[in-house]
$ cat model.cif   # mmCIF, C-alpha atoms and all ligand atoms
data_start
loop_
_atom_site.group_PDB
_atom_site.id
_atom_site.type_symbol
_atom_site.label_atom_id
_atom_site.label_comp_id
_atom_site.auth_asym_id
_atom_site.auth_seq_id
_atom_site.Cartn_x
_atom_site.Cartn_y
_atom_site.Cartn_z
ATOM 1 C CA MET A 1481 49.964 -37.621 -55.728
ATOM 2 C CA ARG A 1482 52.297 -37.079 -52.816
ATOM 3 C CA VAL A 1483 52.194 -33.310 -53.235
ATOM 4 C CA SER A 1484 48.398 -33.092 -53.311
ATOM 5 C CA ALA A 1485 48.081 -35.300 -50.240
ATOM 6 C CA ARG A 1486 50.357 -32.956 -48.361
ATOM 7 C CA ILE A 1487 48.270 -29.936 -49.355
ATOM 8 C CA VAL A 1488 45.121 -31.620 -48.079
ATOM 9 C CA LEU A 1489 46.796 -32.326 -44.755
ATOM 10 C CA LEU A 1490 47.923 -28.719 -44.427
ATOM 11 C CA CYS A 1491 44.419 -27.494 -45.098
ATOM 12 C CA LEU A 1492 42.892 -29.835 -42.558
ATOM 13 C CA SER A 1493 45.325 -29.225 -39.724
ATOM 14 C CA PRO A 1494 43.621 -26.109 -38.263
ATOM 15 C CA LEU A 1495 40.310 -27.950 -38.363
ATOM 16 C CA LEU A 1496 41.690 -30.937 -36.476
ATOM 17 C CA ALA A 1497 43.438 -28.771 -33.906
ATOM 18 C CA GLY A 1498 40.266 -26.784 -33.243
ATOM 19 C CA ALA A 1499 38.072 -29.834 -32.989
ATOM 20 C CA ALA A 1500 40.399 -31.394 -30.436
ATOM 21 C CA ALA A 1501 40.492 -28.256 -28.298
ATOM 22 C CA ALA A 1502 36.776 -27.493 -28.227
ATOM 23 C CA GLU A 1503 34.951 -28.893 -25.226
ATOM 24 C CA ASP A 1504 31.421 -29.819 -24.287
ATOM 25 C CA PHE A 1505 29.841 -29.116 -20.914
ATOM 26 C CA THR A 1506 26.834 -30.544 -19.108
ATOM 27 C CA ALA A 1507 24.616 -29.044 -16.417
ATOM 28 C CA GLY A 1508 21.708 -31.264 -15.453
ATOM 29 C CA SER A 1509 19.680 -31.754 -18.624
ATOM 30 C CA LEU A 1510 21.509 -28.983 -20.508
ATOM 31 C CA LYS A 1511 24.320 -29.887 -22.871
ATOM 32 C CA ILE A 1512 26.594 -27.056 -23.942
ATOM 33 C CA GLY A 1513 28.528 -27.674 -27.124
ATOM 34 C CA HIS A 1514 31.895 -26.217 -28.106
ATOM 35 C CA PRO A 1515 32.009 -22.723 -26.624
ATOM 36 C CA TRP A 1516 34.396 -20.652 -28.735
ATOM 37 C CA SER A 1517 35.404 -17.130 -29.515
ATOM 38 C CA ARG A 1518 37.610 -15.394 -32.027
ATOM 39 C CA ALA A 1519 41.053 -13.900 -31.839
ATOM 40 C CA THR A 1520 40.831 -10.103 -31.670
ATOM 41 C CA PRO A 1521 43.127 -7.443 -33.097
ATOM 42 C CA ASN A 1522 45.050 -5.207 -30.688
ATOM 43 C CA GLY A 1523 42.824 -2.557 -29.181
ATOM 44 C CA ALA A 1524 39.558 -4.413 -29.774
ATOM 45 C CA LYS A 1525 37.117 -3.985 -26.904
ATOM 46 C CA VAL A 1526 34.473 -6.499 -27.968
ATOM 47 C CA ALA A 1527 34.373 -10.104 -29.137
ATOM 48 C CA GLY A 1528 31.678 -12.619 -29.971
ATOM 49 C CA GLY A 1529 31.045 -15.875 -28.117
ATOM 50 C CA TYR A 1530 29.515 -18.916 -29.793
ATOM 51 C CA LEU A 1531 28.183 -22.272 -28.580
ATOM 52 C CA SER A 1532 25.130 -24.490 -28.680
ATOM 53 C CA VAL A 1533 22.727 -25.405 -25.891
ATOM 54 C CA THR A 1534 20.690 -28.602 -26.092
ATOM 55 C CA ASN A 1535 17.905 -29.309 -23.618
ATOM 56 C CA THR A 1536 17.557 -33.055 -23.006
ATOM 57 C CA GLY A 1537 15.105 -32.558 -20.136
ATOM 58 C CA THR A 1538 11.354 -32.021 -19.894
ATOM 59 C CA GLU A 1539 11.278 -28.368 -18.739
ATOM 60 C CA PRO A 1540 12.312 -25.290 -20.717
ATOM 61 C CA ASP A 1541 15.212 -23.210 -19.436
ATOM 62 C CA THR A 1542 16.404 -19.762 -20.484
ATOM 63 C CA LEU A 1543 19.933 -18.566 -21.204
ATOM 64 C CA THR A 1544 19.992 -15.103 -19.642
ATOM 65 C CA GLY A 1545 23.668 -14.119 -19.796
ATOM 66 C CA GLY A 1546 27.035 -15.116 -18.470
ATOM 67 C CA THR A 1547 30.553 -14.085 -17.617
ATOM 68 C CA PHE A 1548 33.854 -14.155 -19.498
ATOM 69 C CA ASP A 1549 37.108 -13.879 -17.551
ATOM 70 C CA GLU A 1550 38.662 -11.491 -20.086
ATOM 71 C CA ALA A 1551 35.666 -9.169 -20.403
ATOM 72 C CA GLY A 1552 33.930 -6.639 -18.180
ATOM 73 C CA SER A 1553 30.450 -7.862 -19.060
ATOM 74 C CA VAL A 1554 28.525 -10.214 -21.336
ATOM 75 C CA GLU A 1555 25.342 -9.606 -23.303
ATOM 76 C CA ILE A 1556 23.245 -11.876 -25.495
ATOM 77 C CA HIS A 1557 22.791 -10.355 -28.949
ATOM 78 C CA SER A 1558 20.704 -11.111 -31.986
ATOM 79 C CA MET A 1559 21.918 -10.285 -35.470
ATOM 80 C CA THR A 1560 19.611 -9.439 -38.312
ATOM 81 C CA MET A 1561 19.966 -8.153 -41.835
ATOM 82 C CA GLU A 1562 18.404 -4.705 -42.369
ATOM 83 C CA GLY A 1563 18.749 -3.142 -45.791
ATOM 84 C CA GLY A 1564 21.889 -5.154 -46.490
ATOM 85 C CA VAL A 1565 23.515 -4.191 -43.193
ATOM 86 C CA MET A 1566 24.020 -6.561 -40.271
ATOM 87 C CA LYS A 1567 22.551 -5.124 -37.078
ATOM 88 C CA MET A 1568 23.034 -6.396 -33.559
ATOM 89 C CA ALA A 1569 20.668 -5.861 -30.664
ATOM 90 C CA PRO A 1570 20.612 -7.142 -27.074
ATOM 91 C CA VAL A 1571 18.137 -9.970 -26.448
ATOM 92 C CA GLU A 1572 16.112 -8.599 -23.565
ATOM 93 C CA ASN A 1573 14.568 -11.675 -21.991
ATOM 94 C CA GLY A 1574 17.184 -14.274 -22.831
ATOM 95 C CA LEU A 1575 17.017 -17.268 -25.128
ATOM 96 C CA VAL A 1576 14.519 -19.991 -24.274
ATOM 97 C CA VAL A 1577 15.739 -23.553 -24.831
ATOM 98 C CA LYS A 1578 12.717 -25.823 -25.074
ATOM 99 C CA PRO A 1579 12.830 -29.524 -24.169
ATOM 100 C CA GLY A 1580 14.336 -31.536 -27.001
ATOM 101 C CA GLU A 1581 15.615 -28.456 -28.800
ATOM 102 C CA THR A 1582 19.028 -26.980 -29.525
ATOM 103 C CA VAL A 1583 19.706 -23.259 -29.661
ATOM 104 C CA ALA A 1584 22.820 -22.335 -31.609
ATOM 105 C CA LEU A 1585 24.783 -19.154 -31.008
ATOM 106 C CA LYS A 1586 26.932 -18.639 -34.070
ATOM 107 C CA PRO A 1587 28.430 -15.960 -36.315
ATOM 108 C CA GLY A 1588 25.644 -14.164 -38.194
ATOM 109 C CA GLY A 1589 22.996 -15.112 -35.632
ATOM 110 C CA PHE A 1590 22.510 -15.098 -31.885
ATOM 111 C CA HIS A 1591 25.805 -14.677 -30.043
ATOM 112 C CA LEU A 1592 27.315 -13.681 -26.758
ATOM 113 C CA MET A 1593 28.901 -10.257 -26.871
ATOM 114 C CA PHE A 1594 31.923 -9.859 -24.639
ATOM 115 C CA LEU A 1595 32.212 -6.173 -23.742
ATOM 116 C CA GLY A 1596 35.184 -4.345 -22.250
ATOM 117 C CA LEU A 1597 37.895 -6.826 -23.241
ATOM 118 C CA LYS A 1598 40.894 -6.555 -20.927
ATOM 119 C CA ASP A 1599 43.429 -7.951 -23.418
ATOM 120 C CA PRO A 1600 43.355 -9.150 -27.029
ATOM 121 C CA LEU A 1601 42.162 -12.746 -27.380
ATOM 122 C CA LYS A 1602 44.915 -14.932 -28.756
ATOM 123 C CA LYS A 1603 44.265 -17.879 -31.037
ATOM 124 C CA GLY A 1604 44.634 -21.165 -29.190
ATOM 125 C CA ALA A 1605 43.912 -19.678 -25.766
ATOM 126 C CA THR A 1606 41.199 -21.029 -23.506
ATOM 127 C CA VAL A 1607 39.199 -18.478 -21.521
ATOM 128 C CA LYS A 1608 37.002 -19.490 -18.624
ATOM 129 C CA GLY A 1609 33.543 -18.115 -18.107
ATOM 130 C CA THR A 1610 30.030 -19.051 -17.105
ATOM 131 C CA LEU A 1611 26.642 -19.245 -18.748
ATOM 132 C CA THR A 1612 23.675 -18.137 -16.658
ATOM 133 C CA PHE A 1613 20.387 -19.992 -16.959
ATOM 134 C CA ALA A 1614 17.105 -19.099 -15.261
ATOM 135 C CA LYS A 1615 16.789 -22.581 -13.745
ATOM 136 C CA ALA A 1616 20.199 -24.249 -14.005
ATOM 137 C CA GLY A 1617 21.985 -21.174 -12.603
ATOM 138 C CA ALA A 1618 25.602 -20.379 -13.418
ATOM 139 C CA VAL A 1619 27.282 -23.100 -15.470
ATOM 140 C CA PRO A 1620 31.110 -23.016 -15.724
ATOM 141 C CA VAL A 1621 32.414 -23.319 -19.299
ATOM 142 C CA ALA A 1622 35.624 -22.585 -21.193
ATOM 143 C CA PHE A 1623 35.811 -20.786 -24.530
ATOM 144 C CA THR A 1624 38.411 -21.855 -27.084
ATOM 145 C CA VAL A 1625 39.817 -18.915 -29.049
ATOM 146 C CA GLU A 1626 39.824 -19.621 -32.780
ATOM 147 C CA SER A 1627 41.432 -17.641 -35.593
ATOM 148 C CA LEU A 1628 40.285 -14.132 -36.474
ATOM 149 C CA ALA A 1629 38.565 -15.434 -39.611
ATOM 150 C CA ALA A 1630 36.907 -18.495 -38.113
ATOM 151 C CA LYS A 1631 33.183 -18.982 -38.726
ATOM 152 C CA ALA A 1632 32.874 -22.159 -36.715
ATOM 153 C CA PRO A 1633 34.948 -24.071 -34.158
ATOM 154 C CA GLY A 1634 38.145 -25.174 -35.880
ATOM 155 C CA ASP A 1635 37.295 -23.291 -39.038
ATOM 156 C CA GLY A 1636 40.436 -22.012 -40.703
ATOM 157 C CA ALA A 1637 38.593 -20.190 -43.485
ATOM 158 C CA LEU A 1638 40.182 -16.971 -44.664
ATOM 159 C CA GLU A 1639 36.894 -15.271 -45.464
ATOM 160 C CA THR A 1640 35.891 -12.408 -43.244
ATOM 161 C CA GLU A 1641 32.330 -11.565 -42.445
ATOM 162 C CA HIS A 1642 30.407 -9.500 -39.939
ATOM 163 C CA GLY A 1643 33.355 -8.968 -37.603
ATOM 164 C CA ALA A 1644 33.629 -5.381 -38.803
ATOM 165 C CA SER A 1645 30.091 -4.665 -37.634
ATOM 166 C CA HIS A 1646 30.980 -5.598 -34.049
ATOM 167 C CA HIS A 1647 31.699 -2.003 -33.115
ATOM 168 C CA HIS A 1648 29.511 -0.730 -30.346
HETATM 169 CU CU CU A 1701 27.033 -8.451 -30.709
#

$ encode --input "model.cif" --output "C-alpha cells"
Amino acid sequence: MRVSARIVLLCLSPLLAGAAAAEDFTAGSLKIGHPWSRATPNGAKVAGGYLSVTNTGTEPDTLTGGTFDEAGSVEIHSMTMEGGVMKMAPVENGLVVKPGETVALKPGGFHLMFLGLKDPLKKGATVKGTLTFAKAGAVPVAFTVESLAAKAPGDGALETEHGASHHH
C-alpha cells in the first residue's frame, strides 16, 4: 500500500505544480483563464499559446491578437483535420466571445501562435504578454510554460500530438 501511494503522488506532482502556477486575469467583464504555453526544443521558432476567455458582460467582444515577450509576433490560428492531417490557418477577423460564453484556445483547436521565438521556452517559466480585444483593448497576462508534452495546464502526459505540425 505504501508503495502504490507513493506512485500516485509522483504522478500527481506535475499536475499540482502546474495548477498552482497558472493564473487567471480579469479585464472588465472578460475573464481570462490559465494562459499557458509549451516548452520548446532548441531552435524552435514557433510555439502555441492556450487560454480561455469568458464574457460575463452583456456585449460581445472580439479577441483580435496579442503580444508575447519572447516572440516577434502573435497570430490567432484555427486547427482543423483535413484528410487525416492537422492544418492550421490564421483566423482573419478574430474570435468573437459572446455574452455568457467561453471561448477556449487549446491544443488541437483555436490557439495563439507565437512566431519568431527569441529563445527556447523553458518549462516552469512565466512569460508576459498581452491579449488584444476589440473593445477591452490590450489586457496584460502571463503565460506559464508547461512541459513539451502537455495538453492542458499542469498536464504531465507523455503523449505527443500535433506539435510536429507547428512548422510554418
Ligand atoms: Cu498555429

$ residues_near_point --input "model.cif" --point "(21.6, -32.4, -22.7)" --cutoff "6 Å" --atoms "all atoms listed in the file" --output "JSON, numbers by chain"
{"A": [1509, 1510, 1511, 1534, 1535, 1536]}

$ write_last_selection --input "model.cif" --atoms "C-alpha atoms" --output "JSON list (two decimals), keeping the file's coordinate frame"
[["chain", "number", "residue", "atom", "x", "y", "z"],
["A", 1509, "SER", "CA", 19.68, -31.75, -18.62],
["A", 1510, "LEU", "CA", 21.51, -28.98, -20.51],
["A", 1511, "LYS", "CA", 24.32, -29.89, -22.87],
["A", 1534, "THR", "CA", 20.69, -28.60, -26.09],
["A", 1535, "ASN", "CA", 17.90, -29.31, -23.62],
["A", 1536, "THR", "CA", 17.56, -33.06, -23.01]]

$ residues_around --input "model.cif" --residues "stretch 1519-1532 of chain A" --least-positions-apart "3" --cutoff "7 Å" --atoms "all atoms listed in the file" --output "ChimeraX atom specification"
/A:1512-1516,1582-1586,1591-1597,1600-1603,1625-1628

$ closest_residue --input "model.cif" --among "A:Thr1506, A:Asn1573, A:Thr1612, A:Thr1606" --to "A:Thr1624" --atoms "only C-alpha atoms"
A:Thr1606

$ atom_distance --input "model.cif" --atom1 "atom CA of A:Ala1507" --atom2 "atom CA of A:Val1619"
6.6 Å

$ atom_distance --input "model.cif" --atom1 "atom CA of A:Asp1541" --atom2 "atom CA of A:Met1561"
27.4 Å

$ atom_distance --input "model.cif" --atom1 "atom CA of A:Pro1570" --atom2 "atom CU of ligand CU 1701 (chain A)"
7.5 Å

$ residues_around --input "model.cif" --residues "A:Thr1560" --least-positions-apart "3" --cutoff "12 Å" --atoms "all atoms listed in the file" --output "list in words"
His1557, Gly1563, Gly1564, Val1565, Met1566, Lys1567, Met1568, Ala1569, Pro1570, Val1571, Pro1587, Gly1588, Gly1589, Phe1590, His1591, His1642 and Ser1645 of chain A

$ closest_residue --input "model.cif" --among "A:Pro1579, A:Pro1633, A:Ala1605, A:Ser1558" --to "ligand CU 1701 (chain A)" --atoms "only C-alpha atoms and all ligand atoms"
A:Ser1558

$ closest_residue --input "model.cif" --among "A:Ile1556, A:Val1577, A:Val1607, A:Ala1632" --to "ligand CU 1701 (chain A)" --atoms "all atoms listed in the file"
A:Ile1556

$ resolve_selection --input "model.cif" --expression "the PyMOL selection byres (((chain A and resi 1614) around 9) and not hetatm)" --output "list of chain:residue names"
A:Asp1541, A:Thr1542, A:Leu1543, A:Thr1544, A:Gly1574, A:Thr1612, A:Phe1613, A:Lys1615, A:Ala1616, A:Gly1617, A:Ala1618

$ write_last_selection --input "model.cif" --atoms "C-alpha atoms" --output "PDB file, keeping the file's coordinate frame"
ATOM      1  CA  ASP A1541      15.212 -23.210 -19.436  1.00  0.00           C
ATOM      2  CA  THR A1542      16.404 -19.762 -20.484  1.00  0.00           C
ATOM      3  CA  LEU A1543      19.933 -18.566 -21.204  1.00  0.00           C
ATOM      4  CA  THR A1544      19.992 -15.103 -19.642  1.00  0.00           C
ATOM      5  CA  GLY A1574      17.184 -14.274 -22.831  1.00  0.00           C
ATOM      6  CA  THR A1612      23.675 -18.137 -16.658  1.00  0.00           C
ATOM      7  CA  PHE A1613      20.387 -19.992 -16.959  1.00  0.00           C
ATOM      8  CA  LYS A1615      16.789 -22.581 -13.745  1.00  0.00           C
ATOM      9  CA  ALA A1616      20.199 -24.249 -14.005  1.00  0.00           C
ATOM     10  CA  GLY A1617      21.985 -21.174 -12.603  1.00  0.00           C
ATOM     11  CA  ALA A1618      25.602 -20.379 -13.418  1.00  0.00           C
TER      12      ALA A1618
END

$ residues_around --input "model.cif" --residues "A:Phe1548" --least-positions-apart "2" --cutoff "6 Å" --atoms "all atoms listed in the file" --output "ChimeraX atom specification"
/A:1550-1551,1609

$ closest_residue --input "model.cif" --among "A:Leu1611, A:Val1554, A:Thr1547, A:Thr1538" --to "ligand CU 1701 (chain A)" --atoms "only C-alpha atoms and all ligand atoms"
A:Val1554

$ closest_residue --input "model.cif" --among "A:Glu1503, A:Glu1555, A:Asp1549, A:Glu1539" --to "ligand CU 1701 (chain A)" --atoms "only C-alpha atoms and all ligand atoms"
A:Glu1555

$ closest_residue --input "model.cif" --among "A:Gly1508, A:Pro1540, A:Met1559, A:Asp1599" --to "ligand CU 1701 (chain A)" --atoms "only C-alpha atoms and all ligand atoms"
A:Met1559

$ axis_aligned_box --input "model.cif" --around "stretch 1552-1567 of chain A" --padding-each-side "5 Å" --output "AutoDock Vina command-line options"
--center_x 26.2 --center_y -7.5 --center_z -32.3 --size_x 25.5 --size_y 18.7 --size_z 38.3

$ build_atoms --input "model.cif" --residues "stretch 1542-1575 of chain A" --atoms "N, CA and C atoms" --output "compact mmCIF listing (two decimals), in the frame of the given file"
# COMPACT_ATOMS: atom_id res chain seq x y z
N THR A 1542 16.11 -20.98 -19.73
CA THR A 1542 16.40 -19.76 -20.48
C THR A 1542 17.83 -19.32 -20.22
N LEU A 1543 18.59 -19.15 -21.31
CA LEU A 1543 19.93 -18.57 -21.20
C LEU A 1543 19.77 -17.06 -21.05
N THR A 1544 20.23 -16.52 -19.92
CA THR A 1544 19.99 -15.10 -19.64
C THR A 1544 21.26 -14.25 -19.70
N GLY A 1545 22.43 -14.90 -19.76
CA GLY A 1545 23.67 -14.12 -19.80
C GLY A 1545 24.84 -14.99 -19.39
N GLY A 1546 25.88 -14.35 -18.88
CA GLY A 1546 27.04 -15.12 -18.47
C GLY A 1546 28.18 -14.21 -18.08
N THR A 1547 29.33 -14.84 -17.91
CA THR A 1547 30.55 -14.08 -17.62
C THR A 1547 31.67 -14.61 -18.51
N PHE A 1548 32.70 -13.80 -18.68
CA PHE A 1548 33.85 -14.16 -19.50
C PHE A 1548 35.05 -13.52 -18.79
N ASP A 1549 36.02 -14.36 -18.41
CA ASP A 1549 37.11 -13.88 -17.55
C ASP A 1549 37.86 -12.69 -18.13
N GLU A 1550 37.89 -12.56 -19.46
CA GLU A 1550 38.66 -11.49 -20.09
C GLU A 1550 37.81 -10.28 -20.46
N ALA A 1551 36.56 -10.28 -20.03
CA ALA A 1551 35.67 -9.17 -20.40
C ALA A 1551 35.00 -8.58 -19.17
N GLY A 1552 34.61 -7.31 -19.28
CA GLY A 1552 33.93 -6.64 -18.18
C GLY A 1552 32.50 -7.13 -18.01
N SER A 1553 31.82 -7.38 -19.14
CA SER A 1553 30.45 -7.86 -19.06
C SER A 1553 30.10 -8.66 -20.31
N VAL A 1554 28.97 -9.35 -20.23
CA VAL A 1554 28.52 -10.21 -21.34
C VAL A 1554 27.06 -9.93 -21.62
N GLU A 1555 26.74 -9.75 -22.88
CA GLU A 1555 25.34 -9.61 -23.30
C GLU A 1555 25.01 -10.70 -24.31
N ILE A 1556 23.71 -10.99 -24.42
CA ILE A 1556 23.24 -11.88 -25.50
C ILE A 1556 22.72 -10.98 -26.61
N HIS A 1557 23.21 -11.18 -27.82
CA HIS A 1557 22.79 -10.36 -28.95
C HIS A 1557 22.12 -11.19 -30.03
N SER A 1558 21.21 -10.55 -30.74
CA SER A 1558 20.70 -11.11 -31.99
C SER A 1558 21.36 -10.37 -33.12
N MET A 1559 21.36 -10.96 -34.30
CA MET A 1559 21.92 -10.28 -35.47
C MET A 1559 20.96 -10.47 -36.62
N THR A 1560 20.55 -9.37 -37.20
CA THR A 1560 19.61 -9.44 -38.31
C THR A 1560 20.12 -8.58 -39.46
N MET A 1561 19.62 -8.89 -40.63
CA MET A 1561 19.97 -8.15 -41.84
C MET A 1561 18.92 -7.07 -42.05
N GLU A 1562 19.34 -5.80 -42.10
CA GLU A 1562 18.40 -4.70 -42.37
C GLU A 1562 18.97 -3.86 -43.50
N GLY A 1563 18.30 -3.91 -44.64
CA GLY A 1563 18.75 -3.14 -45.79
C GLY A 1563 20.18 -3.46 -46.19
N GLY A 1564 20.55 -4.73 -46.09
CA GLY A 1564 21.89 -5.15 -46.49
C GLY A 1564 22.95 -4.91 -45.45
N VAL A 1565 22.55 -4.45 -44.26
CA VAL A 1565 23.52 -4.19 -43.19
C VAL A 1565 23.18 -5.08 -42.00
N MET A 1566 24.21 -5.74 -41.46
CA MET A 1566 24.02 -6.56 -40.27
C MET A 1566 23.84 -5.66 -39.05
N LYS A 1567 22.78 -5.91 -38.29
CA LYS A 1567 22.55 -5.12 -37.08
C LYS A 1567 22.46 -6.05 -35.88
N MET A 1568 23.09 -5.62 -34.79
CA MET A 1568 23.03 -6.40 -33.56
C MET A 1568 22.17 -5.67 -32.55
N ALA A 1569 21.46 -6.45 -31.73
CA ALA A 1569 20.67 -5.86 -30.66
C ALA A 1569 20.66 -6.81 -29.47
N PRO A 1570 20.68 -6.27 -28.25
CA PRO A 1570 20.61 -7.14 -27.07
C PRO A 1570 19.29 -7.90 -27.05
N VAL A 1571 19.34 -9.15 -26.62
CA VAL A 1571 18.14 -9.97 -26.45
C VAL A 1571 17.65 -9.74 -25.02
N GLU A 1572 16.52 -9.09 -24.89
CA GLU A 1572 16.11 -8.60 -23.56
C GLU A 1572 15.79 -9.70 -22.56
N ASN A 1573 15.04 -10.69 -22.97
CA ASN A 1573 14.57 -11.68 -21.99
C ASN A 1573 15.28 -13.02 -22.08
N GLY A 1574 16.42 -13.04 -22.74
CA GLY A 1574 17.18 -14.27 -22.83
C GLY A 1574 16.66 -15.19 -23.92
N LEU A 1575 17.37 -16.29 -24.10
CA LEU A 1575 17.02 -17.27 -25.13
C LEU A 1575 16.43 -18.51 -24.48
